[in-house]
Amino acid sequence: MKEYLYGCSVCNKSFSRKWNAGRHSERMHDDLSTIDNKKNKTVSSLQPKAKNDSFFKNRFKHFQSSPSTVKGDVFDEFFSKNMGLESASDDLKTIKVFARLKKPFEDLEKLLSHFEENFKADVLTHILTSSLNSLRPVKSMEEAVKVYQSEKVMEKMAYYFSKSRKVPTDAATKTLKELLKNSAYFKKNIT
């Protein structure tokens with residue numbers, strides 16, 4: 001019988017191997033949960049992507065040990081020597097989440113570049129706040145990017161279909177959607 005020694009701090013799921021617990025943290029909790037060793041009561045944040053973690057931890061230690069010469073800059077706020085350990089850990093997680101949000105946010109920003117600036121700001125703000133309020137902020141932002149990318153590629157496909165079949169673009173879009181909905185793939189794989 002397997003002994004489940006490692007537990008996830010977020011959802012309390014147990015694992016027999018630390019590596020599996022780390023992979024679970026990465027996939028299900030955007031690599032932000034800690035892994036508890038139930039046998040010797042220790043806590044670990046070692047995840048499969050230790051290289052990424054070590055970058056943030058090393059930067060954090062460096063800036064914490066050498067105060068900023070520019071008062072009021074971002075490093076004063078995040079790396080103040082007066083912070084408690086819990087606050088430092090929270091700030092490290094915050095930095096890590098925003099670093100992981102960078103790419104999907106910028107991808108989304110590019111996808112919305114053709115919209116008027118205020119509308120774009122409203123859409124980006126809505127997606128950002130809903131992502132940050134979700135259980136998996138990075139995954140949520142990445143899914144928003146996929147939705148907008150799918151919409152863009154569908155528009156392109158409909159454009160070329162409409163040119164080829166000499167039909168209006170909205171009729172081409174409707175036809176393409178119907179073709180997909182009636183396909184064997186859609187009936188078998190999409191639930």
# chains A, B, ... in the order shown; residues from 1 in each chain; ligands from 1

$ residues_around --residues "Tyr148 (chain A)" --least-positions-apart "3" --cutoff "10 Å" --atoms "only C-alpha atoms" --output "list in words"
Asp107, Leu108, Leu111, Leu112, Glu143, Ala144, Val145, Glu151, Lys152, Val153 and Met154 of chain A

$ write_last_selection --atoms "C-alpha atoms" --output "PDB file, in the first residue's frame"
ATOM      1  CA  ASP A 107      -0.460  38.851 -25.941  1.00  0.00           C
ATOM      2  CA  LEU A 108      -3.963  40.004 -25.062  1.00  0.00           C
ATOM      3  CA  LEU A 111      -4.851  41.146 -29.841  1.00  0.00           C
ATOM      4  CA  LEU A 112      -6.864  44.177 -28.748  1.00  0.00           C
ATOM      5  CA  GLU A 143      -7.633  31.123 -21.523  1.00  0.00           C
ATOM      6  CA  ALA A 144      -8.778  34.687 -22.245  1.00  0.00           C
ATOM      7  CA  VAL A 145      -5.945  34.990 -24.780  1.00  0.00           C
ATOM      8  CA  GLU A 151     -12.085  34.772 -32.561  1.00  0.00           C
ATOM      9  CA  LYS A 152      -9.368  36.371 -34.713  1.00  0.00           C
ATOM     10  CA  VAL A 153      -8.551  33.183 -36.608  1.00  0.00           C
ATOM     11  CA  MET A 154     -12.252  32.495 -37.155  1.00  0.00           C
TER      12      MET A 154
END

$ residues_around --residues "Glu3 (chain A)" --least-positions-apart "2" --cutoff "12 Å" --atoms "only C-alpha atoms" --output "list in words"
Met1, Leu5, Tyr6, Gly7, Ser14, Phe15, Ser16, Arg17, Lys18, Asn37, Lys38 and Lys39 of chain A

$ write_last_selection --atoms "N, CA and C atoms" --output "mmCIF file, in the first residue's frame"
data_model
loop_
_atom_site.group_PDB
_atom_site.id
_atom_site.type_symbol
_atom_site.label_atom_id
_atom_site.label_comp_id
_atom_site.auth_asym_id
_atom_site.auth_seq_id
_atom_site.Cartn_x
_atom_site.Cartn_y
_atom_site.Cartn_z
ATOM 1 N N MET A 1 0.838 -1.188 0.000
ATOM 2 C CA MET A 1 0.000 0.000 0.000
ATOM 3 C C MET A 1 0.884 1.253 0.000
ATOM 4 N N LEU A 5 2.857 10.720 1.662
ATOM 5 C CA LEU A 5 3.635 11.562 2.568
ATOM 6 C C LEU A 5 3.524 13.045 2.291
ATOM 7 N N TYR A 6 3.209 13.428 1.059
ATOM 8 C CA TYR A 6 3.277 14.836 0.660
ATOM 9 C C TYR A 6 1.884 15.387 0.393
ATOM 10 N N GLY A 7 1.618 16.546 0.974
ATOM 11 C CA GLY A 7 0.307 17.158 0.819
ATOM 12 C C GLY A 7 0.403 18.557 0.259
ATOM 13 N N SER A 14 -3.143 14.567 -1.368
ATOM 14 C CA SER A 14 -1.924 13.883 -0.927
ATOM 15 C C SER A 14 -1.276 13.103 -2.053
ATOM 16 N N PHE A 15 0.055 12.968 -1.958
ATOM 17 C CA PHE A 15 0.848 12.293 -2.982
ATOM 18 C C PHE A 15 1.898 11.413 -2.316
ATOM 19 N N SER A 16 2.266 10.333 -3.005
ATOM 20 C CA SER A 16 3.299 9.445 -2.480
ATOM 21 C C SER A 16 4.696 9.949 -2.828
ATOM 22 N N ARG A 17 4.805 10.770 -3.840
ATOM 23 C CA ARG A 17 6.104 11.294 -4.262
ATOM 24 C C ARG A 17 6.079 12.821 -4.265
ATOM 25 N N LYS A 18 7.182 13.397 -3.799
ATOM 26 C CA LYS A 18 7.295 14.853 -3.746
ATOM 27 C C LYS A 18 7.213 15.461 -5.145
ATOM 28 N N ASN A 37 5.424 17.803 4.112
ATOM 29 C CA ASN A 37 5.845 16.430 4.342
ATOM 30 C C ASN A 37 5.178 15.986 5.642
ATOM 31 N N LYS A 38 4.232 15.059 5.537
ATOM 32 C CA LYS A 38 3.433 14.660 6.682
ATOM 33 C C LYS A 38 4.217 13.836 7.693
ATOM 34 N N LYS A 39 5.270 13.187 7.230
ATOM 35 C CA LYS A 39 6.040 12.309 8.117
ATOM 36 C C LYS A 39 6.910 13.098 9.082
#

$ closest_atom_pairs --of "region 105-150 of chain A" --to "region 93-100 of chain A" --cutoff "12 Å" --atoms "only C-alpha atoms" --output "tab-separated table"
residue	atom	partner	partner_atom	distance
A:Phe105	CA	A:Arg100	CA	9.2
A:Glu106	CA	A:Arg100	CA	11.0
A:Leu128	CA	A:Phe98	CA	10.7
A:Ser131	CA	A:Val97	CA	11.0
A:Leu132	CA	A:Val97	CA	9.2
A:Arg136	CA	A:Val97	CA	9.8
A:Pro137	CA	A:Val97	CA	7.8
A:Val138	CA	A:Arg100	CA	6.5
A:Lys139	CA	A:Arg100	CA	9.7
A:Ser140	CA	A:Arg100	CA	11.7
A:Met141	CA	A:Arg100	CA	9.9
A:Glu142	CA	A:Arg100	CA	10.1

$ atom_distance --atom1 "CA of Lys156 (chain A)" --atom2 "CA of Phe115 (chain A)"
17.0 Å

$ atom_distance --atom1 "CA of Thr169 (chain A)" --atom2 "CA of Met157 (chain A)"
9.5 Å

$ residues_around --residues "Tyr159 (chain A)" --least-positions-apart "3" --cutoff "9 Å" --atoms "only C-alpha atoms" --output "list in words"
Met154, Glu155, Lys156, Ser162, Lys163, Ser164, Pro168, Thr169, Asp170, Ala172 and Thr173 of chain A

$ write_last_selection --atoms "N, CA and C atoms" --output "CSV table (one decimal), in the first residue's frame"
chain,number,residue,atom,x,y,z
A,154,MET,N,-11.0,32.8,-36.5
A,154,MET,CA,-12.3,32.5,-37.2
A,154,MET,C,-12.6,33.6,-38.1
A,155,GLU,N,-12.3,34.8,-37.8
A,155,GLU,CA,-12.6,36.0,-38.7
A,155,GLU,C,-11.8,35.9,-40.0
A,156,LYS,N,-10.5,35.5,-39.8
A,156,LYS,CA,-9.7,35.3,-41.0
A,156,LYS,C,-10.2,34.2,-41.9
A,162,SER,N,-15.4,33.6,-47.5
A,162,SER,CA,-16.4,34.5,-48.2
A,162,SER,C,-15.9,34.9,-49.5
A,163,LYS,N,-14.6,35.1,-49.6
A,163,LYS,CA,-14.0,35.5,-50.9
A,163,LYS,C,-14.1,34.4,-51.9
A,164,SER,N,-13.8,33.2,-51.5
A,164,SER,CA,-13.8,32.0,-52.3
A,164,SER,C,-15.2,31.6,-52.8
A,168,PRO,N,-21.3,36.9,-48.2
A,168,PRO,CA,-21.0,37.9,-47.2
A,168,PRO,C,-20.2,37.2,-46.1
A,169,THR,N,-19.4,38.0,-45.4
A,169,THR,CA,-18.5,37.4,-44.3
A,169,THR,C,-19.3,36.8,-43.2
A,170,ASP,N,-20.4,37.5,-42.8
A,170,ASP,CA,-21.2,36.9,-41.7
A,170,ASP,C,-21.9,35.6,-42.1
A,172,ALA,N,-20.5,33.5,-44.2
A,172,ALA,CA,-19.4,32.6,-44.2
A,172,ALA,C,-19.1,32.1,-42.8
A,173,THR,N,-19.1,33.0,-41.9
A,173,THR,CA,-18.9,32.6,-40.4
A,173,THR,C,-19.9,31.6,-40.0
